[in-house]
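Visitor: One file is attached below, upload-v3.pdb, containing PDB, C-alpha atoms.
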ATOM      1  CA  MET G   1      70.723  75.172  75.676  1.00  0.00           C
ATOM      2  CA  PRO G   2      73.120  74.323  78.532  1.00  0.00           C
ATOM      3  CA  ALA G   3      74.253  77.059  80.899  1.00  0.00           C
ATOM      4  CA  MET G   4      76.920  79.353  79.451  1.00  0.00           C
ATOM      5  CA  THR G   5      80.341  78.805  81.031  1.00  0.00           C
ATOM      6  CA  LEU G   6      82.916  81.547  81.509  1.00  0.00           C
ATOM      7  CA  VAL G   7      84.775  80.302  78.418  1.00  0.00           C
ATOM      8  CA  ASN G   8      81.515  80.388  76.397  1.00  0.00           C
ATOM      9  CA  LEU G   9      80.857  83.961  77.557  1.00  0.00           C
ATOM     10  CA  GLN G  10      84.424  85.048  76.768  1.00  0.00           C
ATOM     11  CA  ASP G  11      84.141  83.582  73.269  1.00  0.00           C
ATOM     12  CA  LEU G  12      80.735  85.210  72.782  1.00  0.00           C
ATOM     13  CA  PHE G  13      81.856  88.697  73.807  1.00  0.00           C
ATOM     14  CA  HIS G  14      85.096  88.340  71.850  1.00  0.00           C
ATOM     15  CA  GLU G  15      82.946  87.682  68.771  1.00  0.00           C
ATOM     16  CA  VAL G  16      80.607  90.593  69.576  1.00  0.00           C
ATOM     17  CA  THR G  17      83.607  92.919  69.908  1.00  0.00           C
ATOM     18  CA  ARG G  18      85.081  91.590  66.650  1.00  0.00           C
ATOM     19  CA  GLN G  19      81.761  92.238  64.874  1.00  0.00           C
ATOM     20  CA  ILE G  20      81.741  95.822  66.133  1.00  0.00           C
ATOM     21  CA  PHE G  21      85.418  96.401  65.228  1.00  0.00           C
ATOM     22  CA  PRO G  22      86.046  94.208  62.160  1.00  0.00           C
ATOM     23  CA  ALA G  23      89.217  96.134  61.212  1.00  0.00           C
ATOM     24  CA  LEU G  24      90.869  95.324  64.546  1.00  0.00           C
ATOM     25  CA  ALA G  25      93.033  92.207  64.284  1.00  0.00           C
ATOM     26  CA  ALA G  26      91.574  89.288  66.241  1.00  0.00           C
ATOM     27  CA  GLY G  27      94.776  89.038  68.314  1.00  0.00           C
ATOM     28  CA  LEU G  28      94.185  92.551  69.630  1.00  0.00           C
ATOM     29  CA  ILE G  29      90.896  91.589  71.302  1.00  0.00           C
ATOM     30  CA  ARG G  30      91.902  89.606  74.385  1.00  0.00           C
ATOM     31  CA  PRO G  31      90.588  88.208  77.658  1.00  0.00           C
ATOM     32  CA  ALA G  32      91.696  90.485  80.507  1.00  0.00           C
ATOM     33  CA  PHE G  33      93.428  87.744  82.490  1.00  0.00           C
ATOM     34  CA  GLN G  34      95.092  85.029  80.450  1.00  0.00           C
ATOM     35  CA  GLN G  35      96.831  82.239  82.346  1.00  0.00           C
ATOM     36  CA  GLN G  36      99.739  82.202  79.914  1.00  0.00           C
ATOM     37  CA  GLY G  37     100.257  85.980  80.177  1.00  0.00           C
ATOM     38  CA  GLN G  38      99.642  88.806  77.750  1.00  0.00           C
ATOM     39  CA  PRO G  39     101.843  89.432  74.727  1.00  0.00           C
ATOM     40  CA  GLY G  40     103.336  92.918  74.688  1.00  0.00           C
ATOM     41  CA  VAL G  41     101.795  95.685  72.601  1.00  0.00           C
ATOM     42  CA  ASN G  42     103.163  98.922  71.220  1.00  0.00           C
ATOM     43  CA  VAL G  43     101.901 102.161  72.751  1.00  0.00           C
ATOM     44  CA  PRO G  44     100.086 103.296  69.576  1.00  0.00           C
ATOM     45  CA  ASP G  45      98.300  99.920  69.137  1.00  0.00           C
ATOM     46  CA  SER G  46      94.561  99.704  69.669  1.00  0.00           C
ATOM     47  CA  VAL G  47      93.961  96.780  72.026  1.00  0.00           C
ATOM     48  CA  ILE G  48      90.773  95.698  73.785  1.00  0.00           C
ATOM     49  CA  TYR G  49      90.758  93.509  76.893  1.00  0.00           C
ATOM     50  CA  ILE G  50      87.494  91.879  77.993  1.00  0.00           C
ATOM     51  CA  HIS G  51      86.717  90.928  81.590  1.00  0.00           C
ATOM     52  CA  ILE G  52      83.509  89.125  82.655  1.00  0.00           C
ATOM     53  CA  GLU G  53      82.066  88.478  86.092  1.00  0.00           C
ATOM     54  CA  ASN G  54      78.797  87.880  87.922  1.00  0.00           C
ATOM     55  CA  GLU G  55      76.836  90.878  89.140  1.00  0.00           C
ATOM     56  CA  ALA G  56      74.534  90.614  92.148  1.00  0.00           C
ATOM     57  CA  GLN G  57      71.109  91.787  90.980  1.00  0.00           C
ATOM     58  CA  TYR G  58      67.496  91.136  91.962  1.00  0.00           C
ATOM     59  CA  TRP G  59      66.770  88.885  88.963  1.00  0.00           C
ATOM     60  CA  ASP G  60      69.733  86.670  89.777  1.00  0.00           C
ATOM     61  CA  LYS G  61      68.073  85.596  93.023  1.00  0.00           C
ATOM     62  CA  LEU G  62      64.791  84.319  91.557  1.00  0.00           C
ATOM     63  CA  ARG G  63      64.598  80.646  90.623  1.00  0.00           C
ATOM     64  CA  GLN G  64      61.929  78.598  88.886  1.00  0.00           C
ATOM     65  CA  ILE G  65      62.424  74.956  89.833  1.00  0.00           C
ATOM     66  CA  THR G  66      60.434  72.099  88.309  1.00  0.00           C
ATOM     67  CA  THR G  67      60.720  68.344  88.754  1.00  0.00           C
ATOM     68  CA  ALA G  68      59.545  65.767  86.243  1.00  0.00           C
ATOM     69  CA  ARG G  69      59.679  62.016  86.002  1.00  0.00           C
ATOM     70  CA  ILE G  70      62.183  60.417  83.709  1.00  0.00           C
ATOM     71  CA  PRO G  71      60.292  57.885  81.536  1.00  0.00           C
ATOM     72  CA  GLY G  72      61.329  54.350  82.408  1.00  0.00           C
ATOM     73  CA  ASN G  73      63.165  55.442  85.574  1.00  0.00           C
ATOM     74  CA  GLU G  74      61.231  54.732  88.776  1.00  0.00           C
ATOM     75  CA  VAL G  75      63.790  56.108  91.243  1.00  0.00           C
ATOM     76  CA  GLU G  76      65.078  59.336  89.676  1.00  0.00           C
ATOM     77  CA  GLY G  77      63.525  62.499  88.319  1.00  0.00           C
ATOM     78  CA  LYS G  78      64.833  65.470  86.380  1.00  0.00           C
ATOM     79  CA  GLU G  79      65.036  68.771  88.243  1.00  0.00           C
ATOM     80  CA  THR G  80      65.230  71.849  86.023  1.00  0.00           C
ATOM     81  CA  THR G  81      66.216  75.224  87.436  1.00  0.00           C
ATOM     82  CA  LEU G  82      65.575  78.323  85.325  1.00  0.00           C
ATOM     83  CA  TYR G  83      66.978  81.705  86.322  1.00  0.00           C
ATOM     84  CA  THR G  84      68.561  84.857  84.949  1.00  0.00           C
ATOM     85  CA  ARG G  85      72.221  85.458  85.687  1.00  0.00           C
ATOM     86  CA  VAL G  86      73.374  89.037  85.464  1.00  0.00           C
ATOM     87  CA  MET G  87      76.875  89.389  84.050  1.00  0.00           C
ATOM     88  CA  ARG G  88      79.036  92.496  83.996  1.00  0.00           C
ATOM     89  CA  VAL G  89      81.311  92.763  80.999  1.00  0.00           C
ATOM     90  CA  ASP G  90      84.175  95.245  81.226  1.00  0.00           C
ATOM     91  CA  TRP G  91      86.052  96.374  78.165  1.00  0.00           C
ATOM     92  CA  TYR G  92      89.455  98.011  78.700  1.00  0.00           C
ATOM     93  CA  LEU G  93      90.218  99.852  75.478  1.00  0.00           C
ATOM     94  CA  TYR G  94      93.756 101.080  74.770  1.00  0.00           C
ATOM     95  CA  GLY G  95      95.085 103.235  71.961  1.00  0.00           C
ATOM     96  CA  PRO G  96      94.728 106.748  70.597  1.00  0.00           C
ATOM     97  CA  SER G  97      91.081 106.097  69.595  1.00  0.00           C
ATOM     98  CA  SER G  98      90.058 104.317  72.809  1.00  0.00           C
ATOM     99  CA  PHE G  99      87.654 107.052  73.927  1.00  0.00           C
ATOM    100  CA  ASP G 100      85.841 107.123  70.579  1.00  0.00           C
ATOM    101  CA  ASN G 101      85.933 103.311  70.319  1.00  0.00           C
ATOM    102  CA  ALA G 102      84.251 103.038  73.733  1.00  0.00           C
ATOM    103  CA  ASP G 103      81.434 105.243  72.453  1.00  0.00           C
ATOM    104  CA  ILE G 104      81.108 103.126  69.288  1.00  0.00           C
ATOM    105  CA  LEU G 105      81.050  99.969  71.401  1.00  0.00           C
ATOM    106  CA  ARG G 106      78.404 101.426  73.726  1.00  0.00           C
ATOM    107  CA  THR G 107      76.221 102.408  70.768  1.00  0.00           C
ATOM    108  CA  TYR G 108      76.508  99.128  68.877  1.00  0.00           C
ATOM    109  CA  LEU G 109      75.921  96.902  71.911  1.00  0.00           C
ATOM    110  CA  LEU G 110      72.300  98.054  71.712  1.00  0.00           C
ATOM    111  CA  SER G 111      72.014  97.788  67.929  1.00  0.00           C
ATOM    112  CA  GLU G 112      69.560  95.345  66.402  1.00  0.00           C
ATOM    113  CA  PRO G 113      72.183  93.066  64.742  1.00  0.00           C
ATOM    114  CA  ILE G 114      74.159  92.659  67.976  1.00  0.00           C
ATOM    115  CA  ARG G 115      71.019  92.131  70.068  1.00  0.00           C
ATOM    116  CA  GLU G 116      69.792  89.488  67.594  1.00  0.00           C
ATOM    117  CA  PHE G 117      73.181  87.747  67.702  1.00  0.00           C
ATOM    118  CA  LEU G 118      73.238  87.748  71.523  1.00  0.00           C
ATOM    119  CA  ASN G 119      69.646  86.488  71.592  1.00  0.00           C
ATOM    120  CA  LEU G 120      70.803  83.283  69.859  1.00  0.00           C
ATOM    121  CA  TYR G 121      72.697  82.545  73.098  1.00  0.00           C
ATOM    122  CA  ASN G 122      69.915  83.710  75.471  1.00  0.00           C
ATOM    123  CA  VAL G 123      71.880  86.854  76.333  1.00  0.00           C
ATOM    124  CA  ALA G 124      70.386  90.358  76.356  1.00  0.00           C
ATOM    125  CA  PRO G 125      72.006  93.694  77.158  1.00  0.00           C
ATOM    126  CA  ILE G 126      70.564  95.781  79.958  1.00  0.00           C
ATOM    127  CA  ARG G 127      69.932  99.063  78.168  1.00  0.00           C
ATOM    128  CA  ASP G 128      71.397 101.386  80.803  1.00  0.00           C
ATOM    129  CA  ILE G 129      75.028 101.469  79.615  1.00  0.00           C
ATOM    130  CA  ASN G 130      77.042 104.353  81.044  1.00  0.00           C
ATOM    131  CA  PRO G 131      79.560 106.151  78.820  1.00  0.00           C
ATOM    132  CA  GLY G 132      83.184 105.057  78.849  1.00  0.00           C
ATOM    133  CA  ARG G 133      85.546 106.392  81.528  1.00  0.00           C
ATOM    134  CA  ARG G 134      88.959 107.713  80.521  1.00  0.00           C
ATOM    135  CA  ALA G 135      91.782 106.240  82.590  1.00  0.00           C
ATOM    136  CA  PRO G 136      95.186 107.040  81.003  1.00  0.00           C
ATOM    137  CA  GLU G 137      97.785 104.516  82.135  1.00  0.00           C
ATOM    138  CA  MET G 138     101.575 104.697  82.480  1.00  0.00           C
ATOM    139  CA  VAL G 139     103.244 101.824  80.592  1.00  0.00           C
ATOM    140  CA  ASN G 140     107.041 101.577  80.552  1.00  0.00           C
ATOM    141  CA  GLY G 141     107.383 105.269  81.372  1.00  0.00           C
ATOM    142  CA  GLN G 142     104.998 106.370  78.621  1.00  0.00           C
ATOM    143  CA  TRP G 143     101.351 107.331  78.952  1.00  0.00           C
ATOM    144  CA  ARG G 144      98.819 105.200  77.072  1.00  0.00           C
ATOM    145  CA  GLU G 145      95.319 106.347  76.341  1.00  0.00           C
ATOM    146  CA  ARG G 146      92.828 104.006  78.012  1.00  0.00           C
ATOM    147  CA  THR G 147      89.044 104.054  78.326  1.00  0.00           C
ATOM    148  CA  ASP G 148      86.965 101.587  80.345  1.00  0.00           C
ATOM    149  CA  LEU G 149      83.404 100.625  79.437  1.00  0.00           C
ATOM    150  CA  SER G 150      81.102  98.369  81.476  1.00  0.00           C
ATOM    151  CA  ALA G 151      77.758  96.870  80.522  1.00  0.00           C
ATOM    152  CA  LEU G 152      75.353  94.478  82.213  1.00  0.00           C
ATOM    153  CA  PHE G 153      73.750  91.551  80.423  1.00  0.00           C
ATOM    154  CA  ASN G 154      70.952  89.181  81.387  1.00  0.00           C
ATOM    155  CA  VAL G 155      71.860  85.569  80.670  1.00  0.00           C
ATOM    156  CA  ALA G 156      68.926  83.139  80.685  1.00  0.00           C
ATOM    157  CA  THR G 157      70.243  80.039  82.420  1.00  0.00           C
ATOM    158  CA  THR G 158      68.922  76.489  82.634  1.00  0.00           C
ATOM    159  CA  ARG G 159      70.506  73.909  84.891  1.00  0.00           C
ATOM    160  CA  ASP G 160      69.348  70.278  84.901  1.00  0.00           C
ATOM    161  CA  ALA G 161      70.064  67.735  87.609  1.00  0.00           C
ATOM    162  CA  THR G 162      68.951  64.224  88.415  1.00  0.00           C
ATOM    163  CA  ARG G 163      67.272  63.899  91.798  1.00  0.00           C
ATOM    164  CA  PRO G 164      65.766  60.974  93.724  1.00  0.00           C
ATOM    165  CA  TYR G 165      62.131  60.582  92.755  1.00  0.00           C
ATOM    166  CA  PHE G 166      59.653  58.924  95.045  1.00  0.00           C
ATOM    167  CA  ALA G 167      56.883  57.028  93.321  1.00  0.00           C
ATOM    168  CA  GLU G 168      55.189  56.225  96.635  1.00  0.00           C
ATOM    169  CA  ALA G 169      55.418  57.083 100.318  1.00  0.00           C
ATOM    170  CA  ALA G 170      53.764  56.055 103.548  1.00  0.00           C
ATOM    171  CA  ILE G 171      52.882  58.862 105.973  1.00  0.00           C
ATOM    172  CA  THR G 172      51.927  58.124 109.538  1.00  0.00           C
ATOM    173  CA  VAL G 173      49.906  60.722 111.433  1.00  0.00           C
ATOM    174  CA  ASN G 174      49.737  60.551 115.229  1.00  0.00           C
ATOM    175  CA  ALA G 175      47.064  62.800 116.733  1.00  0.00           C
ATOM    176  CA  GLY G 176      46.509  62.387 120.480  1.00  0.00           C
ATOM    177  CA  GLY G 177      47.317  58.691 120.539  1.00  0.00           C
ATOM    178  CA  ASP G 178      45.325  57.824 117.413  1.00  0.00           C
ATOM    179  CA  GLU G 179      47.677  56.722 114.681  1.00  0.00           C
ATOM    180  CA  GLN G 180      46.779  56.483 111.024  1.00  0.00           C
ATOM    181  CA  THR G 181      48.988  55.630 108.045  1.00  0.00           C
ATOM    182  CA  VAL G 182      48.244  57.031 104.627  1.00  0.00           C
ATOM    183  CA  GLU G 183      49.765  55.489 101.494  1.00  0.00           C
ATOM    184  CA  ILE G 184      50.506  57.933  98.677  1.00  0.00           C
ATOM    185  CA  SER G 185      51.427  56.687  95.203  1.00  0.00           C
ATOM    186  CA  GLN G 186      51.156  57.776  91.650  1.00  0.00           C
TER
END
Reformat the file's structure so that it appears as structure tokens.
Guide:
Amino acid sequence: MPAMTLVNLQDLFHEVTRQIFPALAAGLIRPAFQQQGQPGVNVPDSVIYIHIENEAQYWDKLRQITTARIPGNEVEGKETTLYTRVMRVDWYLYGPSSFDNADILRTYLLSEPIREFLNLYNVAPIRDINPGRRAPEMVNGQWRERTDLSALFNVATTRDATRPYFAEAAITVNAGGDEQTVEISQ
């Protein structure tokens, strides 16, 4: 499976959120920063914004890199890099039920059906999900109930690249005036 792009991750977590809140209209689950702007919402509406970004973690720094020959290609090889990206997903929940919805979201992110669904995309939640944080917000002179929830996810990532591949090389060793050339080939 190719590496998940930001758009892939946004679509994935939009679908996860929709599965957890099937009664919420799809248009009320939105990316946090849309280039074309956000449509307005009424104060009593339940709306969920999703924001995704990389998180610096230990596992994100480890890489497994392998190189293999490409059959029939004598000058190039395939380099495969495997690593785990750690992504932080923030949900900004608005509406009178935002606090309770954050708790439902937190609970269901670790449920078996959601974990199995995420596993299809090589994504796994990191089990330590803190409770939602209330953050009421003033909108057009009126307070809106808002709760923020963050969770970390491991994303198994594979990146392939074509690299020059040397089928043979000549190495010359010079030790105290004595020179010797060694031919290495496959």
Visitor: Using only C-alpha atoms, which residues of range 40-135 of chain G come within 7 Å of range 12-33 of chain G, and what is the closest atom pair for each, with the distance in Å to one decimal? Give it as JSON lines, sorted by chain and residue number.
Guide:
{"residue": "G:Val47", "atom": "CA", "partner": "G:Leu28", "partner_atom": "CA", "distance": 4.9}
{"residue": "G:Ile48", "atom": "CA", "partner": "G:Ile29", "partner_atom": "CA", "distance": 4.8}
{"residue": "G:Tyr49", "atom": "CA", "partner": "G:Arg30", "partner_atom": "CA", "distance": 4.8}
{"residue": "G:Ile50", "atom": "CA", "partner": "G:Pro31", "partner_atom": "CA", "distance": 4.8}
{"residue": "G:His51", "atom": "CA", "partner": "G:Ala32", "partner_atom": "CA", "distance": 5.1}
{"residue": "G:Leu105", "atom": "CA", "partner": "G:Ile20", "partner_atom": "CA", "distance": 6.7}
{"residue": "G:Tyr108", "atom": "CA", "partner": "G:Ile20", "partner_atom": "CA", "distance": 6.8}
{"residue": "G:Ile114", "atom": "CA", "partner": "G:Val16", "partner_atom": "CA", "distance": 7.0}
Visitor: With C-alpha atoms retained, export the selected residues as a tab-separated table (two decimals), in the frame of the given file.
Guide:
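What landed in out13.tsv:
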chain	number	residue	atom	x	y	z
G	47	VAL	CA	93.96	96.78	72.03
G	48	ILE	CA	90.77	95.70	73.78
G	49	TYR	CA	90.76	93.51	76.89
G	50	ILE	CA	87.49	91.88	77.99
G	51	HIS	CA	86.72	90.93	81.59
G	105	LEU	CA	81.05	99.97	71.40
G	108	TYR	CA	76.51	99.13	68.88
G	114	ILE	CA	74.16	92.66	67.98
Visitor: Mind running range 94-118 of chain G against range 134-140 of chain G at 10 Å and telling me each contacting residue's nearest atom pair with the distance in Å (one decimal), counting only C-alpha atoms, chain and number ascending, as CSV?
Guide:
residue,atom,partner,partner_atom,distance
G:Tyr94,CA,G:Pro136,CA,8.7
G:Gly95,CA,G:Pro136,CA,9.8
G:Ser98,CA,G:Arg134,CA,8.5
G:Phe99,CA,G:Arg134,CA,6.8
G:Ala102,CA,G:Arg134,CA,9.5
Visitor: Interatomic distance between CA of Asp11 in chain G and CA of Lys78 in chain G?
Guide: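 CA of Lys78 in chain G lies at a distance of 29.5 Å from CA of Asp11 in chain G.
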Visitor: Can you list what the PyMOL selection byres ((chain G and resi 118) around 12) grabs from this structure, as a PyMOL selection string?
Guide: chain G and resi 9+11-17+19+109-117+119-126+153-156
Visitor: What is the CA of Ala170 in chain G to CA of Thr81 in chain G distance in Å?
Guide: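 These atoms are spaced 28.0 Å apart.
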Visitor: Measure the distance from CA of Ala169 in chain G to CA of Thr66 in chain G in Å and round it to one decimal.
Guide: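 Atom-to-atom, CA of Ala169 in chain G to CA of Thr66 in chain G, that is 19.9 Å.
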Visitor: From the set G:Asp100, G:Glu183, G:Asp160, G:Glu168, which residue has the shortest atom-to-atom contact distance to Val75 in chain G, counting only C-alpha atoms?
Guide: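 Answer, going by the shortest atom-to-atom distance: G:Glu168.
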Visitor: Using all atoms listed in the file, pick whichever of G:Leu6, G:Asp45, G:Glu79, G:Ile70 has the shortest atom-to-atom distance to Arg163 in chain G.
Guide: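 Checking each of G:Leu6, G:Asp45, G:Glu79, G:Ile70 against Arg163 in chain G, counting all atoms listed in the file, the winner is G:Glu79.
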Visitor: From the set G:Leu149, G:Met4, G:Gly72, G:Arg63, which residue has the shortest atom-to-atom contact distance to Ile104 in chain G, counting all atoms listed in the file?
Guide: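 When distances to Ile104 in chain G are compared using all atoms listed in the file, the smallest one comes from G:Leu149.
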Visitor: Closest to Asp90 in chain G among G:Asp60, G:Glu55, G:Asp148, G:Asp128, using only C-alpha atoms?
Guide: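 So, comparing all the options, the nearest one is G:Asp148.
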